[in-house]
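Source file: my_file.tsv. Holds: TSV, C-alpha atoms and all ligand atoms.
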```
chain	number	residue	atom	x	y	z
A	1	MET	CA	-106.46	-157.77	-64.22
A	2	MET	CA	-108.45	-158.61	-61.09
A	3	ALA	CA	-110.08	-155.67	-59.37
A	4	ILE	CA	-109.57	-155.64	-55.61
A	5	SER	CA	-112.35	-154.05	-53.68
A	6	ILE	CA	-111.38	-152.79	-50.26
A	7	GLN	CA	-114.39	-152.53	-48.01
A	8	GLN	CA	-114.61	-149.21	-46.18
A	9	LYS	CA	-114.64	-149.83	-42.43
A	10	GLU	CA	-117.13	-147.81	-40.46
A	11	PHE	CA	-116.42	-145.50	-37.59
A	12	PHE	CA	-118.18	-146.35	-34.32
A	13	ILE	CA	-118.03	-145.25	-30.69
A	14	ARG	CA	-117.99	-147.57	-27.68
A	15	ASP	CA	-117.13	-147.45	-23.98
A	16	MET	CA	-113.41	-147.37	-23.24
A	17	GLY	CA	-112.11	-150.59	-21.67
A	18	PRO	CA	-108.92	-151.19	-19.64
A	19	ASP	CA	-107.26	-152.70	-22.73
A	20	ASP	CA	-107.70	-149.39	-24.60
A	21	LEU	CA	-105.59	-147.33	-22.19
A	22	ASP	CA	-102.28	-147.90	-23.99
A	23	GLU	CA	-103.69	-146.86	-27.38
A	24	VAL	CA	-105.50	-143.89	-25.82
A	25	GLY	CA	-102.28	-142.80	-24.08
A	26	SER	CA	-100.37	-143.06	-27.37
A	27	ILE	CA	-102.96	-140.98	-29.26
A	28	GLU	CA	-102.75	-138.33	-26.54
A	29	GLN	CA	-98.94	-138.17	-26.81
A	30	ILE	CA	-99.02	-137.46	-30.55
A	31	ALA	CA	-102.23	-135.42	-30.76
A	32	SER	CA	-102.06	-133.04	-27.81
A	33	ALA	CA	-99.84	-129.99	-27.34
A	34	HIS	CA	-99.88	-130.63	-23.58
A	35	PRO	CA	-100.39	-134.40	-23.23
A	36	TRP	CA	-101.77	-136.11	-20.17
A	37	ARG	CA	-99.68	-138.83	-18.54
A	38	ARG	CA	-101.05	-142.36	-18.91
A	39	SER	CA	-101.68	-142.50	-15.16
A	40	LEU	CA	-104.23	-139.68	-15.55
A	41	PHE	CA	-106.24	-141.78	-18.01
A	42	GLN	CA	-106.05	-144.66	-15.55
A	43	SER	CA	-107.38	-142.42	-12.73
A	44	CYS	CA	-110.28	-141.19	-14.89
A	45	PHE	CA	-111.08	-144.76	-15.78
A	46	ASP	CA	-110.79	-146.01	-12.19
A	47	GLY	CA	-112.73	-142.97	-10.95
A	48	GLY	CA	-115.80	-143.95	-12.99
A	49	TYR	CA	-115.58	-141.08	-15.48
A	50	HIS	CA	-117.50	-141.60	-18.69
A	51	CYS	CA	-114.79	-142.70	-21.08
A	52	MET	CA	-115.39	-143.58	-24.71
A	53	VAL	CA	-113.29	-144.49	-27.72
A	54	GLY	CA	-113.91	-143.95	-31.43
A	55	CYS	CA	-112.84	-146.92	-33.56
A	56	VAL	CA	-112.42	-147.87	-37.19
A	57	GLY	CA	-112.47	-151.65	-37.21
A	58	ASP	CA	-110.06	-152.80	-34.50
A	59	THR	CA	-108.18	-149.51	-34.44
A	60	VAL	CA	-108.83	-146.95	-31.74
A	61	VAL	CA	-108.64	-143.58	-33.56
A	62	GLY	CA	-109.86	-141.22	-30.85
A	63	PHE	CA	-111.36	-140.87	-27.40
A	64	GLY	CA	-113.47	-138.64	-25.18
A	65	ILE	CA	-113.68	-138.37	-21.39
A	66	LEU	CA	-116.53	-136.76	-19.47
A	67	SER	CA	-117.00	-136.31	-15.73
A	68	LEU	CA	-120.18	-135.36	-13.90
A	69	ALA	CA	-120.77	-133.78	-10.50
A	70	ALA	CA	-123.99	-132.21	-9.23
A	71	SER	CA	-125.57	-131.85	-12.71
A	72	GLU	CA	-122.43	-130.22	-14.08
A	73	ALA	CA	-120.52	-132.19	-16.68
A	74	HIS	CA	-116.92	-131.48	-17.60
A	75	LEU	CA	-115.35	-132.50	-20.89
A	76	GLN	CA	-111.99	-133.59	-19.52
A	77	ASN	CA	-110.34	-134.56	-22.77
A	78	ILE	CA	-111.02	-135.36	-26.41
A	79	ALA	CA	-108.61	-136.22	-29.20
A	80	VAL	CA	-108.39	-137.90	-32.56
A	81	SER	CA	-105.16	-139.47	-33.78
A	82	PRO	CA	-103.51	-137.04	-36.25
A	83	SER	CA	-103.65	-139.46	-39.19
A	84	TRP	CA	-107.43	-139.81	-38.68
A	85	GLN	CA	-108.20	-136.13	-38.15
A	86	GLY	CA	-110.35	-134.06	-40.52
A	87	LYS	CA	-112.76	-136.94	-41.27
A	88	GLY	CA	-115.58	-135.92	-38.94
A	89	TYR	CA	-114.60	-138.29	-36.10
A	90	GLY	CA	-113.92	-135.50	-33.61
A	91	ARG	CA	-117.40	-134.14	-34.32
A	92	GLU	CA	-118.94	-137.61	-33.80
A	93	LEU	CA	-117.11	-138.01	-30.51
A	94	LEU	CA	-118.18	-134.58	-29.27
A	95	GLU	CA	-121.81	-135.22	-30.23
A	96	SER	CA	-121.70	-138.54	-28.41
A	97	ILE	CA	-120.27	-136.80	-25.33
A	98	ILE	CA	-123.05	-134.16	-25.43
A	99	ASP	CA	-125.65	-136.96	-25.76
A	100	GLN	CA	-124.13	-138.80	-22.83
A	101	ALA	CA	-124.17	-135.67	-20.65
A	102	ASP	CA	-127.81	-135.13	-21.61
A	103	GLN	CA	-128.70	-138.71	-20.66
A	104	LEU	CA	-126.94	-138.18	-17.33
A	105	ASP	CA	-129.21	-135.15	-16.84
A	106	ALA	CA	-126.37	-132.64	-16.84
A	107	ARG	CA	-127.52	-129.03	-17.02
A	108	VAL	CA	-124.22	-127.74	-18.41
A	109	ILE	CA	-120.95	-128.99	-19.83
A	110	PHE	CA	-117.77	-127.06	-19.10
A	111	LEU	CA	-114.42	-127.44	-20.81
A	112	GLU	CA	-111.08	-125.69	-21.12
A	113	VAL	CA	-109.37	-125.19	-24.45
A	114	SER	CA	-106.06	-123.52	-25.17
A	115	VAL	CA	-106.38	-120.02	-26.62
A	116	GLU	CA	-104.12	-121.30	-29.42
A	117	ASN	CA	-106.25	-124.34	-30.33
A	118	SER	CA	-108.35	-122.87	-33.15
A	119	VAL	CA	-109.42	-126.29	-34.53
A	120	ALA	CA	-110.95	-127.47	-31.25
A	121	LEU	CA	-112.37	-124.00	-30.63
A	122	SER	CA	-114.28	-123.97	-33.92
A	123	LEU	CA	-115.55	-127.50	-33.22
A	124	TYR	CA	-116.89	-126.41	-29.82
A	125	ILE	CA	-118.43	-123.17	-31.09
A	126	ALA	CA	-120.16	-125.06	-33.93
A	127	HIS	CA	-121.77	-127.27	-31.29
A	128	GLY	CA	-123.06	-124.45	-29.12
A	129	PHE	CA	-120.27	-123.98	-26.56
A	130	ARG	CA	-119.71	-120.37	-25.58
A	131	GLU	CA	-116.71	-118.74	-23.90
A	132	ILE	CA	-117.37	-117.66	-20.31
A	133	GLY	CA	-113.87	-116.69	-19.21
A	134	ILE	CA	-110.12	-117.18	-19.38
A	135	ARG	CA	-107.98	-119.33	-17.06
A	136	LYS	CA	-104.51	-117.81	-16.98
A	137	ASN	CA	-101.45	-120.09	-17.34
A	138	TYR	CA	-103.65	-123.19	-17.38
A	139	TYR	CA	-101.50	-125.31	-19.70
A	140	THR	CA	-97.82	-126.09	-19.36
A	141	THR	CA	-96.15	-126.63	-22.74
A	142	PRO	CA	-92.48	-126.81	-23.80
A	143	GLU	CA	-92.97	-123.20	-25.00
A	144	GLY	CA	-94.21	-122.08	-21.59
A	145	LYS	CA	-97.56	-121.50	-19.91
A	146	LYS	CA	-100.65	-120.95	-22.07
A	147	ASN	CA	-104.02	-119.48	-21.17
A	148	ALA	CA	-107.22	-121.48	-21.60
A	149	ARG	CA	-110.68	-120.37	-22.65
A	150	ILE	CA	-113.37	-121.71	-20.31
A	151	MET	CA	-116.37	-122.73	-22.38
A	152	ARG	CA	-119.88	-123.74	-21.43
A	153	PHE	CA	-122.62	-125.68	-23.19
A	154	ASP	CA	-126.03	-125.06	-21.67
A	155	PHE	CA	-128.82	-127.66	-21.90
A	156	SER	CA	-131.23	-125.05	-20.45
A	157	LYS	CA	-132.62	-127.58	-18.00
A	158	THR	CA	-134.20	-126.49	-14.77
A	159	SER	CA	-132.48	-127.82	-11.65
A	160	GLY	CA	-134.35	-129.83	-9.00
A	161	LEU	CA	-133.85	-126.94	-6.57
A	162	GLU	CA	-135.38	-124.43	-9.01
A	163	VAL	CA	-138.38	-126.73	-9.59
A	164	LEU	CA	-138.86	-127.02	-5.81
A	165	THR	CA	-138.54	-123.25	-5.32
A	166	LYS	CA	-141.16	-122.64	-8.03
A	167	MET	CA	-143.53	-125.18	-6.42
A	168	ILE	CA	-143.10	-123.55	-2.99
A	169	ARG	CA	-143.75	-120.08	-4.50
A	170	ARG	CA	-146.91	-121.41	-6.20
A	171	THR	CA	-148.29	-122.74	-2.90
A	172	ASP	CA	-147.53	-119.48	-1.00
A	201	LIG	C1	-110.01	-131.17	-31.95
A	201	LIG	C2	-110.04	-132.55	-32.64
A	201	LIG	C3	-110.57	-133.58	-31.65
A	201	LIG	C4	-110.99	-132.48	-33.85
A	201	LIG	O1	-111.06	-133.78	-34.41
A	201	LIG	P1	-111.17	-134.02	-35.99
A	201	LIG	O2	-111.59	-135.42	-36.19
A	201	LIG	O3	-109.95	-133.57	-36.66
A	201	LIG	O4	-112.35	-133.00	-36.37
A	201	LIG	P2	-113.50	-133.21	-37.44
A	201	LIG	O5	-112.94	-133.75	-38.71
A	201	LIG	O6	-114.61	-133.96	-36.82
A	201	LIG	O7	-113.94	-131.71	-37.69
A	201	LIG	C5	-114.85	-131.11	-36.78
A	201	LIG	C6	-114.70	-129.61	-36.82
A	201	LIG	O8	-113.41	-129.24	-36.31
A	201	LIG	C7	-112.98	-128.07	-37.01
A	201	LIG	N1	-111.80	-128.42	-37.79
A	201	LIG	C8	-111.33	-129.66	-38.11
A	201	LIG	N2	-110.17	-129.56	-38.79
A	201	LIG	C9	-109.92	-128.23	-38.90
A	201	LIG	C10	-108.85	-127.48	-39.47
A	201	LIG	N3	-107.82	-128.07	-40.07
A	201	LIG	N4	-108.90	-126.13	-39.36
A	201	LIG	C11	-109.92	-125.50	-38.74
A	201	LIG	N5	-110.97	-126.18	-38.18
A	201	LIG	C12	-110.96	-127.50	-38.27
A	201	LIG	C13	-114.12	-127.66	-37.91
A	201	LIG	O9	-115.00	-126.83	-37.18
A	201	LIG	C14	-114.78	-128.99	-38.19
A	201	LIG	O10	-116.12	-128.86	-38.56
A	201	LIG	P3	-116.51	-128.75	-40.13
A	201	LIG	O11	-115.94	-129.98	-40.77
A	201	LIG	O12	-117.99	-128.75	-40.09
A	201	LIG	O13	-115.88	-127.49	-40.61
A	201	LIG	C15	-108.64	-132.94	-33.18
A	201	LIG	O14	-108.16	-131.89	-33.99
A	201	LIG	C16	-107.61	-133.25	-32.12
A	201	LIG	O15	-107.54	-134.36	-31.63
A	201	LIG	N6	-106.78	-132.25	-31.73
A	201	LIG	C17	-105.72	-132.48	-30.75
A	201	LIG	C18	-106.27	-132.69	-29.36
A	201	LIG	C19	-107.07	-131.50	-28.94
A	201	LIG	O16	-106.71	-130.37	-29.22
A	201	LIG	N7	-108.17	-131.76	-28.21
A	201	LIG	C20	-109.02	-130.72	-27.67
A	201	LIG	C21	-108.60	-130.43	-26.27
A	201	LIG	S1	-109.54	-129.08	-25.61
```

Spit out the file's structure as structure tokens when you get a sec.
Amino acid sequence: MMAISIQQKEFFIRDMGPDDLDEVGSIEQIASAHPWRRSLFQSCFDGGYHCMVGCVGDTVVGFGILSLAASEAHLQNIAVSPSWQGKGYGRELLESIIDQADQLDARVIFLEVSVENSVALSLYIAHGFREIGIRKNYYTTPEGKKNARIMRFDFSKTSGLEVLTKMIRRTD
């Protein structure tokens, strides 16, 4: 009998393109307990947010979206398609997002995560995010409103203003 060898396709991350929005929207619908509408992905994309997709071959299996304002990054969304979860792809996406925020010179990354989302919570904690507060009734789900944990990742970078203040103090 002839042995058939199926080559394992590798996971890789690339920038999201306009052609990915349908697949990204579909992943969101099946992965998230409180899914974004497709138009929200379009606005992030059009608004110049940092949008990436995780792929296996030609298949988009996950995505991550990061925004940045005044050295503060915000992880807007991250998801892996349910049939591809538990393989380390969410971790790869999060690490890529943290790298991207670092390259953009962010000092912190903020995110919100449902108090009921223990999988995402353990992923964030394992990567150094810490809870800094609770946003009440942040998510609307078919079961009602849910609170969110606000989490922060700190790059411990000094801001331009702090550098300037230190220089001024030194010359006093
Ligand atoms: C959160 C999510 C992106 C993780 O993606 P994933 O590819 O399944 O995760 P990974 O396989 O990379 O696992 C990363 C970590 O997540 C946690 N995790 C994954 N599956 C888990 C499970 N079944 N139970 C508990 N923790 C789990 C673990 O901390 C794991 O790290 P470890 O393998 O070192 O223990 C994915 O579950 C998802 O898309 N969820 C729905 C959308 C969502 O909730 N997004 C977050 C919005 S704030």

_Can you measure atom CA of Val113 of chain A to atom O9 of ligand LIG 201 (chain A) for me? One decimal in Å is fine._
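So the two atoms, atom CA of Val113 of chain A and atom O9 of ligand LIG 201 (chain A), lie 14.0 Å apart.
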
Name the residues, by chain letter and number, that sit within 6 Å of ligand LIG 201 (chain A) using all atoms listed in the file, and give them as a compact mmCIF listing (two decimals) with C-alpha atoms, in the frame of the given file.
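To be explicit, this is the file written out as result.txt:
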```txt
# COMPACT_ATOMS: atom_id res chain seq x y z
CA ALA A 31 -102.23 -135.42 -30.76
CA SER A 32 -102.06 -133.04 -27.81
CA ASN A 77 -110.34 -134.56 -22.77
CA ILE A 78 -111.02 -135.36 -26.41
CA ALA A 79 -108.61 -136.22 -29.20
CA VAL A 80 -108.39 -137.90 -32.56
CA GLN A 85 -108.20 -136.13 -38.15
CA GLY A 86 -110.35 -134.06 -40.52
CA LYS A 87 -112.76 -136.94 -41.27
CA GLY A 88 -115.58 -135.92 -38.94
CA TYR A 89 -114.60 -138.29 -36.10
CA GLY A 90 -113.92 -135.50 -33.61
CA ARG A 91 -117.40 -134.14 -34.32
CA GLU A 112 -111.08 -125.69 -21.12
CA VAL A 113 -109.37 -125.19 -24.45
CA VAL A 119 -109.42 -126.29 -34.53
CA ALA A 120 -110.95 -127.47 -31.25
CA SER A 122 -114.28 -123.97 -33.92
CA LEU A 123 -115.55 -127.50 -33.22
```

*So what do you get for atom CA of Thr140 of chain A versus atom CA of Ile30 of chain A, distance-wise?*
16.0 Å

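Of the residues under consideration (A:Tyr139, A:Tyr49, A:Phe63, A:Phe129), A:Phe129 shows the shortest atom-to-atom contact distance to Val108 of chain A when counting all atoms listed in the file.
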
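The gap separating atom CA of Phe45 of chain A from atom CA of Lys9 of chain A is 27.4 Å, in Å to one decimal.
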
*Using only C-alpha atoms, determine which residues lie at most 12 Å from Gln100 of chain A, disregarding the query and same-chain residues fewer than 4 positions distant; provide the list as an NGL selection string.*
:A and (13-15 or 49-52 or 64-68 or 73-75 or 93-96 or 104-109)

*Enumerate, as a PyMOL selection string, the protein, DNA and RNA residues whose atoms approach (-107.3, -148.5, -13.4) to within 12 Å, taking into account only C-alpha atoms and the coordinate frame of the file.*
chain A and resi 16-22+38-49

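Candidate residues A:Glu28, A:Glu116, A:Asp102, A:Glu143 were compared for distance to Phe155 of chain A, and the nearest is A:Asp102, using only C-alpha atoms.
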
Give me segment 20-49 of chain A with N, CA and C atoms filled in, as a tab-separated table (two decimals), in the coordinates of the input.
```tsv
chain	number	residue	atom	x	y	z
A	20	ASP	N	-107.85	-150.52	-23.66
A	20	ASP	CA	-107.70	-149.39	-24.60
A	20	ASP	C	-106.70	-148.35	-24.09
A	21	LEU	N	-106.33	-148.44	-22.79
A	21	LEU	CA	-105.59	-147.33	-22.19
A	21	LEU	C	-104.24	-147.06	-22.86
A	22	ASP	N	-103.57	-148.12	-23.33
A	22	ASP	CA	-102.28	-147.90	-23.99
A	22	ASP	C	-102.45	-147.13	-25.30
A	23	GLU	N	-103.46	-147.55	-26.09
A	23	GLU	CA	-103.69	-146.86	-27.38
A	23	GLU	C	-104.14	-145.41	-27.14
A	24	VAL	N	-105.01	-145.24	-26.14
A	24	VAL	CA	-105.50	-143.89	-25.82
A	24	VAL	C	-104.33	-143.00	-25.39
A	25	GLY	N	-103.46	-143.56	-24.54
A	25	GLY	CA	-102.28	-142.80	-24.08
A	25	GLY	C	-101.37	-142.44	-25.25
A	26	SER	N	-101.24	-143.34	-26.21
A	26	SER	CA	-100.37	-143.06	-27.37
A	26	SER	C	-100.98	-141.98	-28.25
A	27	ILE	N	-102.30	-142.02	-28.45
A	27	ILE	CA	-102.96	-140.98	-29.26
A	27	ILE	C	-102.73	-139.62	-28.61
A	28	GLU	N	-102.92	-139.59	-27.27
A	28	GLU	CA	-102.75	-138.33	-26.54
A	28	GLU	C	-101.33	-137.76	-26.75
A	29	GLN	N	-100.33	-138.65	-26.69
A	29	GLN	CA	-98.94	-138.17	-26.81
A	29	GLN	C	-98.68	-137.50	-28.16
A	30	ILE	N	-99.31	-138.04	-29.23
A	30	ILE	CA	-99.02	-137.46	-30.55
A	30	ILE	C	-100.02	-136.37	-30.94
A	31	ALA	N	-101.22	-136.38	-30.32
A	31	ALA	CA	-102.23	-135.42	-30.76
A	31	ALA	C	-102.20	-134.11	-29.97
A	32	SER	N	-101.88	-134.21	-28.68
A	32	SER	CA	-102.06	-133.04	-27.81
A	32	SER	C	-100.79	-132.20	-27.65
A	33	ALA	N	-100.97	-130.90	-27.56
A	33	ALA	CA	-99.84	-129.99	-27.34
A	33	ALA	C	-99.37	-130.03	-25.88
A	34	HIS	N	-100.21	-130.55	-25.01
A	34	HIS	CA	-99.88	-130.63	-23.58
A	34	HIS	C	-100.45	-131.95	-23.07
A	35	PRO	N	-99.80	-133.07	-23.47
A	35	PRO	CA	-100.39	-134.40	-23.23
A	35	PRO	C	-100.50	-134.79	-21.77
A	36	TRP	N	-101.58	-135.49	-21.48
A	36	TRP	CA	-101.77	-136.11	-20.17
A	36	TRP	C	-100.82	-137.30	-20.04
A	37	ARG	N	-100.42	-137.58	-18.79
A	37	ARG	CA	-99.68	-138.83	-18.54
A	37	ARG	C	-100.67	-139.99	-18.57
A	38	ARG	N	-100.17	-141.19	-18.84
A	38	ARG	CA	-101.05	-142.36	-18.91
A	38	ARG	C	-101.78	-142.58	-17.59
A	39	SER	N	-101.08	-142.27	-16.47
A	39	SER	CA	-101.68	-142.50	-15.16
A	39	SER	C	-102.96	-141.67	-14.98
A	40	LEU	N	-103.03	-140.53	-15.66
A	40	LEU	CA	-104.23	-139.68	-15.55
A	40	LEU	C	-105.42	-140.37	-16.22
A	41	PHE	N	-105.17	-141.02	-17.35
A	41	PHE	CA	-106.24	-141.78	-18.01
A	41	PHE	C	-106.70	-142.91	-17.09
A	42	GLN	N	-105.71	-143.56	-16.46
A	42	GLN	CA	-106.05	-144.66	-15.55
A	42	GLN	C	-106.93	-144.14	-14.41
A	43	SER	N	-106.58	-142.96	-13.84
A	43	SER	CA	-107.38	-142.42	-12.73
A	43	SER	C	-108.79	-142.08	-13.19
A	44	CYS	N	-108.93	-141.51	-14.39
A	44	CYS	CA	-110.28	-141.19	-14.89
A	44	CYS	C	-111.08	-142.48	-15.02
A	45	PHE	N	-110.42	-143.48	-15.55
A	45	PHE	CA	-111.08	-144.76	-15.78
A	45	PHE	C	-111.49	-145.38	-14.44
A	46	ASP	N	-110.52	-145.43	-13.51
A	46	ASP	CA	-110.79	-146.01	-12.19
A	46	ASP	C	-111.82	-145.18	-11.42
A	47	GLY	N	-111.83	-143.87	-11.68
A	47	GLY	CA	-112.73	-142.97	-10.95
A	47	GLY	C	-114.15	-142.97	-11.50
A	48	GLY	N	-114.43	-143.83	-12.49
A	48	GLY	CA	-115.80	-143.95	-12.99
A	48	GLY	C	-116.20	-142.81	-13.92
A	49	TYR	N	-115.24	-142.09	-14.48
A	49	TYR	CA	-115.58	-141.08	-15.48
A	49	TYR	C	-116.18	-141.78	-16.69
```
